[in-house]
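Reviewing the structure listed below.
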Amino acid sequence: MNLVGLESVSHEYPNRVVLDNLTIGLHAGDRIGVVGRNGDGKSTLMSIFAGTLTPDSGRVTLRGNTQVGALTQDDSFDDGDTVGHVVVGEGPEHEWASSPAIRDVLGGLLGDVDVTASIGDLSGGQRRRVALAKLLVGEWDVLLLDEPTNHLDVSGVNWLAEHLIRRWPTGSGALAVVTHDRWFLDAISLDTWEVHDGVVDKFEGGYAAYILQRVERQRQASASEERRQNLLRKELAWLRRGAPARTTKPKFRIEAASALIADVPPPRDRVELSRMATQRLGKDVVDLLDVDFAFGGNTILEDVEWRIAPGERTGILGRNGAGKSTLLGLIDGTLQPTAGRVKQGKTVKLRRLDQRLEGLEKYMNDRVSAVIAEFKTTYNAGGIELSPGQLLERLGFSSAHIQTPVKDLSGGQKRRLQILLILLDEPNVLLLDEPTNDLDTDMLAALEDVLDSWPGTLIVVSHDRYLLERVTDQQYAVIGKRLRHLPGGVDEYLRLDARPVTPIVAAKPVVATPSTNLSGAERHALDKEFKSLERQIQNLKATIDDIHARMAAHDQGDYQGLAAVSAELGTATSNLDTLETRWIAVADKLGK
């Protein structure tokens, strides 16, 4: 039975239907990642599930005393209230301070926030984390999270994933998450829902499995979307070849995946891009030599020694406020060091994408077509000449958007136009400061595709682990005011930045006791495999029943045909034996 169900639900906004006669539900044990293009109805779906939005038609059902908690993208906190009161309520401090579950949430999300501080004194990102903490200290049967990773750094995202994995015993509680963070989606999701064109398509598994099935569905359905399919195949190739961000892997249809990506090259030709970058830049890019930076008497960075090479593709990690944006300011010259010096090469043409929409303000009343007409008529992408319109298309703009005034574009479209204008200016050093803001998963893939063929030095500051590992070849971190190289990538950063995590006391008793000592991640991976095996076994048994029925109805005189069906039955039976053997082994490890 559904914990929360939608029956024949429809909802529309002016000139747009976002949900059309939708029947869908959340069951106990569900862990759902919700994806889709911006504006296609993800937040609307979550709001209807949460009961904060009444659909135009249809009904929402709630089982028994099911408690539903929801994180929206707004807060209604009183600025005069304190952080501690908002999160834990009226109870005395000694009661909530002695709760491991509450201490875990406060440490994981609000380690840099004074619980006695007033809400009005917090930044927007801190308020967002307070809202998430307030939700997570409660006991809920269903959690609905709309963009919970916004304003979390890489360590915070990692903590949240672990928290949600451990929050309920296996088979209880239900979780649905809207997020553009693809690493997070894959870490917590057992299934994926894609919202588009008024419907919801269901996919088994997390983000990687979703991409695999989506590519296969499109391949079978039509060849008319060749460009989009090729982009998805490229991302699938990245996932299947052992992306460092992967915490789980699709455990089915491996042969189909391998066939789909057999002729897909690596995302980037590093040697060729490095050669082109050196031609454009020479040997000198930017050198930071013994650099310190202080502001208002506080030292933010010290002893930074970094010689940036032509063609270098580097990701920068660090906690909020660690000094990552300051580092970019030193590189682009908008900030001057208080000690040491920054040396910039003579041929450097540097552009920076910041967290604001800088560069677009003067164009707000102009149509997109008029804006791009001011720039070059062609853009070279990996040796291929593209018009600005073709580049717009690669970044997800339709022909209708070309005639739209900039002020009428969505936040994500403005962000993509900002990126386009920077690329058309043809810099040879590109600094990206949180470039994923306002972009959905499809647009992130499109941006990555464009960056794959960009021949220059690329430095990316982002909390999006997937993006960092996808578009950069090495990572650094700002830790303790120093810049530190990370040979082990993001995993090494998480070890260096480890935050104490107190085990969560489950709201409901765990029925089965594991027979082995498993970490949270190991148990989560085994649990995902166990559920996947159960579904595969059920599907294979249905296939075997169908084969038996076909044999019974087959012409008994057609010995060749019968032999073929019999061979099919033998293969299916053998596969079932293999699956059931593995199912027993996994069940034993989980103590089921």
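Chain labels run A, B, ... following the order of the structure tokens; each chain numbers its residues from 1, and ligands are numbered from 1 in the order shown.
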Problem - Within 9 Å of Thr338 of chain A using only C-alpha atoms, minus same-chain residues under 2 positions, as a PyMOL selection string - result: chain A and resi 291-295+336+340-341
Could those selected residues go to a file with C-alpha atoms, as a PDB file, in the first residue's frame?
ATOM      1  CA  VAL A 291      50.891  34.391  -1.648  1.00  0.00           C
ATOM      2  CA  ASP A 292      49.044  35.462   1.507  1.00  0.00           C
ATOM      3  CA  PHE A 293      45.696  37.227   1.629  1.00  0.00           C
ATOM      4  CA  ALA A 294      44.119  38.868   4.660  1.00  0.00           C
ATOM      5  CA  PHE A 295      40.973  40.928   5.070  1.00  0.00           C
ATOM      6  CA  GLN A 336      45.716  41.742  -4.641  1.00  0.00           C
ATOM      7  CA  GLY A 340      53.855  37.399  -2.153  1.00  0.00           C
ATOM      8  CA  ARG A 341      52.970  38.075  -5.769  1.00  0.00           C
TER       9      ARG A 341
END
Handout entry: Expected answer as a list of chain:residue names: helix (DSSP H, G or I) residues in segment 357-399 of chain A
Key =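 Selection result, helix (DSSP H, G or I) within segment 357-399 of chain A: A:Glu361, A:Lys362, A:Tyr363, A:Val368, A:Ser369, A:Ala370, A:Val371, A:Ile372, A:Pro388, A:Gly389, A:Gln390, A:Leu391, A:Leu392, A:Glu393, A:Arg394, A:Ser399.
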Practice task
Run DSSP on the backbone and grab whatever in segment 82-159 of chain A lands in strand (DSSP E); send it over as an MDAnalysis selection string.
Solution key: chainID A and resid 142:146
Practice task
Please measure the separation of atom CA of Asp79 of chain A and atom CA of Glu147 of chain A, giving the value in Å to one decimal.
Solution key: 22.7 Å
Handout entry: Among the residues A:Met46, A:Val88, A:Leu424, A:Tyr207, the one that comes closest to Leu386 of chain A [using only C-alpha atoms]
Key =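 Under the stated criterion, the closest residue is A:Leu424.
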Please tabulate, as JSON lines, the residues of segment 410-508 of chain A that come within 10 Å of segment 303-306 of chain A, each with its closest pair of atoms and the distance in Å to one decimal, counting only C-alpha atoms and ordering rows by chain, then residue number upward.
{"residue": "A:Val478", "atom": "CA", "partner": "A:Val304", "partner_atom": "CA", "distance": 9.8}
{"residue": "A:Lys481", "atom": "CA", "partner": "A:Asp303", "partner_atom": "CA", "distance": 8.5}
{"residue": "A:Arg482", "atom": "CA", "partner": "A:Val304", "partner_atom": "CA", "distance": 6.3}
{"residue": "A:Leu483", "atom": "CA", "partner": "A:Val304", "partner_atom": "CA", "distance": 5.9}
{"residue": "A:Arg484", "atom": "CA", "partner": "A:Val304", "partner_atom": "CA", "distance": 8.9}
{"residue": "A:His485", "atom": "CA", "partner": "A:Trp306", "partner_atom": "CA", "distance": 9.8}
Exercise for the section: Tell me which protein, DNA and RNA residues are within 8 Å of Arg367 of chain A, counting only C-alpha atoms, leaving out same-chain ones fewer than 5 positions away, and put them as a list in words. Expected result: Ile402, Gln403, Thr404, Pro405 and Val406 of chain A
